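The structure appears right after this line, and notes come after that.
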Amino acid sequence: MKLYNTDYVLFFVNSGTFEFEQANYPYIYSLDSVQELLLDVFNRWKYDRDHSEVWVPTTELPKEKRKLLIKMVSEVK
């Protein structure tokens, strides 16, 4: 399985964990499905520095998180 920079995961800032870790399920969102949400996140970042969640491209995940996500996806397939 290959991860793309147009695929995103949700990171919860307050807990310091990713949604796929909390749910124990490989939630991956395409750029199309989160485009409006990404714009909203960007606007909140401009005006409100107290965010509780951030969209992260899967290609920018730390190595161990990428491995975990790929493993989870392969187990679901």
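Identifiers for the structure tokens are assigned positionally: chains receive A, B, ... in sequence, residues are indexed from 1 per chain, and ligands are indexed from 1 in the order shown.
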Report task. Could you give me, as a ChimeraX atom specification, the residues within 7 Å of region 24-34 of chain A, counting only C-alpha atoms and dropping anything in the same chain fewer than 6 positions from it? Result -> /A:6-9,69,72-73
Residue set, chain A restricted to strand (DSSP E), as a compact mmCIF listing (two decimals) with N, CA and C atoms, in the first residue's frame:
```txt
# COMPACT_ATOMS: atom_id res chain seq x y z
N ASP A 7 -3.93 12.35 0.51
CA ASP A 7 -4.69 11.63 1.54
C ASP A 7 -4.32 12.22 2.90
N TYR A 8 -5.34 12.36 3.73
CA TYR A 8 -5.15 13.01 5.03
C TYR A 8 -5.69 12.17 6.17
N VAL A 9 -5.12 12.39 7.34
CA VAL A 9 -5.63 11.81 8.58
C VAL A 9 -5.88 12.95 9.55
N LEU A 10 -6.72 12.69 10.51
CA LEU A 10 -7.08 13.71 11.49
C LEU A 10 -6.26 13.51 12.76
N PHE A 11 -5.64 14.59 13.23
CA PHE A 11 -4.83 14.58 14.44
C PHE A 11 -5.53 15.41 15.50
N PHE A 12 -5.71 14.83 16.69
CA PHE A 12 -6.34 15.53 17.80
C PHE A 12 -5.24 16.15 18.66
N THR A 17 -3.03 12.41 19.67
CA THR A 17 -3.19 11.15 18.95
C THR A 17 -3.93 11.36 17.63
N PHE A 18 -3.77 10.41 16.75
CA PHE A 18 -4.47 10.43 15.48
C PHE A 18 -5.79 9.69 15.61
N TYR A 29 -8.76 10.19 4.62
CA TYR A 29 -9.66 11.07 3.88
C TYR A 29 -8.95 11.61 2.64
N SER A 30 -9.66 11.66 1.52
CA SER A 30 -9.08 12.22 0.31
C SER A 30 -9.14 13.73 0.36
N GLU A 53 -8.04 20.14 16.46
CA GLU A 53 -7.75 19.09 15.49
C GLU A 53 -7.07 19.68 14.26
N VAL A 54 -6.24 18.87 13.62
CA VAL A 54 -5.48 19.29 12.45
C VAL A 54 -5.49 18.16 11.44
N TRP A 55 -5.64 18.50 10.15
CA TRP A 55 -5.56 17.51 9.07
C TRP A 55 -4.10 17.40 8.65
N VAL A 56 -3.58 16.18 8.60
CA VAL A 56 -2.18 15.94 8.28
C VAL A 56 -2.10 15.05 7.04
N PRO A 57 -1.31 15.44 6.02
CA PRO A 57 -1.13 14.55 4.87
C PRO A 57 -0.46 13.25 5.32
```
Note to self: DSSP on the backbone, helix (DSSP H, G or I) only: what residues of chain A does that give? Format it as a VMD selection string.
What the structure shows: chain A and resid 19 to 23 31 to 47 58 to 60 63 to 76
Hey, can you spit out that residue selection with N, CA and C atoms as a CSV table (one decimal), in the first residue's frame?
```csv
chain,number,residue,atom,x,y,z
A,19,GLU,N,-6.8,10.1,14.8
A,19,GLU,CA,-8.1,9.4,14.8
A,19,GLU,C,-8.0,7.9,14.5
A,20,PHE,N,-7.1,7.5,13.6
A,20,PHE,CA,-7.0,6.1,13.3
A,20,PHE,C,-6.4,5.3,14.5
A,21,GLU,N,-5.6,5.9,15.4
A,21,GLU,CA,-5.1,5.3,16.6
A,21,GLU,C,-6.2,5.1,17.6
A,22,GLN,N,-7.0,6.2,17.8
A,22,GLN,CA,-8.1,6.2,18.8
A,22,GLN,C,-9.2,5.2,18.4
A,23,ALA,N,-9.5,5.2,17.1
A,23,ALA,CA,-10.6,4.3,16.7
A,23,ALA,C,-10.1,2.9,16.3
A,31,LEU,N,-8.3,14.4,-0.4
A,31,LEU,CA,-8.3,15.8,-0.5
A,31,LEU,C,-9.7,16.4,-0.9
A,32,ASP,N,-10.3,15.7,-1.8
A,32,ASP,CA,-11.7,16.2,-2.2
A,32,ASP,C,-12.7,16.2,-1.0
A,33,SER,N,-12.6,15.2,-0.2
A,33,SER,CA,-13.6,15.1,0.9
A,33,SER,C,-13.3,16.0,2.0
A,34,VAL,N,-12.1,16.5,2.1
A,34,VAL,CA,-11.7,17.4,3.2
A,34,VAL,C,-11.4,18.8,2.8
A,35,GLN,N,-11.5,19.1,1.5
A,35,GLN,CA,-11.1,20.4,1.0
A,35,GLN,C,-11.7,21.6,1.7
A,36,GLU,N,-13.1,21.5,1.9
A,36,GLU,CA,-13.7,22.6,2.7
A,36,GLU,C,-13.2,22.6,4.1
A,37,LEU,N,-13.0,21.4,4.7
A,37,LEU,CA,-12.6,21.4,6.1
A,37,LEU,C,-11.2,22.0,6.2
A,38,LEU,N,-10.3,21.7,5.2
A,38,LEU,CA,-9.0,22.2,5.2
A,38,LEU,C,-9.0,23.8,5.2
A,39,LEU,N,-9.9,24.3,4.3
A,39,LEU,CA,-10.0,25.7,4.3
A,39,LEU,C,-10.5,26.3,5.6
A,40,ASP,N,-11.4,25.6,6.2
A,40,ASP,CA,-11.8,26.0,7.6
A,40,ASP,C,-10.7,26.0,8.6
A,41,VAL,N,-9.9,24.9,8.5
A,41,VAL,CA,-8.8,24.8,9.5
A,41,VAL,C,-7.8,26.0,9.2
A,42,PHE,N,-7.5,26.2,7.9
A,42,PHE,CA,-6.6,27.3,7.6
A,42,PHE,C,-7.1,28.7,8.2
A,43,ASN,N,-8.4,28.9,8.0
A,43,ASN,CA,-9.0,30.2,8.5
A,43,ASN,C,-9.0,30.2,10.0
A,44,ARG,N,-9.2,29.1,10.7
A,44,ARG,CA,-9.1,29.1,12.1
A,44,ARG,C,-7.7,29.3,12.6
A,45,TRP,N,-6.7,28.8,11.8
A,45,TRP,CA,-5.3,29.0,12.2
A,45,TRP,C,-4.9,30.5,12.1
A,46,LYS,N,-5.5,31.2,11.1
A,46,LYS,CA,-5.2,32.6,10.9
A,46,LYS,C,-5.8,33.4,12.1
A,47,TYR,N,-6.9,33.0,12.6
A,47,TYR,CA,-7.6,33.9,13.6
A,47,TYR,C,-7.6,33.3,15.0
A,58,THR,N,-0.9,12.1,4.8
A,58,THR,CA,-0.4,10.8,5.2
A,58,THR,C,1.1,10.7,4.9
A,59,THR,N,1.6,11.4,3.9
A,59,THR,CA,3.0,11.3,3.6
A,59,THR,C,3.9,12.1,4.6
A,60,GLU,N,3.3,12.9,5.4
A,60,GLU,CA,4.0,13.7,6.4
A,60,GLU,C,4.0,13.1,7.8
A,63,LYS,N,7.4,8.1,10.7
A,63,LYS,CA,7.6,6.8,10.1
A,63,LYS,C,6.8,5.7,10.8
A,64,GLU,N,6.9,5.7,12.1
A,64,GLU,CA,6.2,4.6,12.9
A,64,GLU,C,4.6,4.7,12.7
A,65,LYS,N,4.1,5.9,12.6
A,65,LYS,CA,2.7,6.1,12.4
A,65,LYS,C,2.3,5.7,10.9
A,66,ARG,N,3.2,6.0,10.0
A,66,ARG,CA,2.9,5.5,8.6
A,66,ARG,C,2.8,4.0,8.5
A,67,LYS,N,3.8,3.3,9.2
A,67,LYS,CA,3.8,1.9,9.2
A,67,LYS,C,2.5,1.3,9.9
A,68,LEU,N,2.1,1.9,11.0
A,68,LEU,CA,0.9,1.5,11.6
A,68,LEU,C,-0.3,1.7,10.7
A,69,LEU,N,-0.4,2.8,10.1
A,69,LEU,CA,-1.6,3.1,9.2
A,69,LEU,C,-1.6,2.1,8.0
A,70,ILE,N,-0.5,1.8,7.4
A,70,ILE,CA,-0.4,0.9,6.3
A,70,ILE,C,-0.8,-0.5,6.8
A,71,LYS,N,-0.3,-0.9,7.9
A,71,LYS,CA,-0.6,-2.2,8.5
A,71,LYS,C,-2.1,-2.3,8.7
A,72,MET,N,-2.7,-1.3,9.3
A,72,MET,CA,-4.2,-1.3,9.5
A,72,MET,C,-5.0,-1.4,8.3
A,73,VAL,N,-4.6,-0.7,7.2
A,73,VAL,CA,-5.2,-0.7,5.9
A,73,VAL,C,-5.2,-2.1,5.3
A,74,SER,N,-4.0,-2.7,5.4
A,74,SER,CA,-3.8,-4.1,4.8
A,74,SER,C,-4.6,-5.1,5.6
A,75,GLU,N,-4.8,-4.9,6.9
A,75,GLU,CA,-5.7,-5.8,7.6
A,75,GLU,C,-7.2,-5.7,7.3
A,76,VAL,N,-7.6,-4.5,6.9
A,76,VAL,CA,-9.0,-4.3,6.6
A,76,VAL,C,-9.3,-4.8,5.2
```
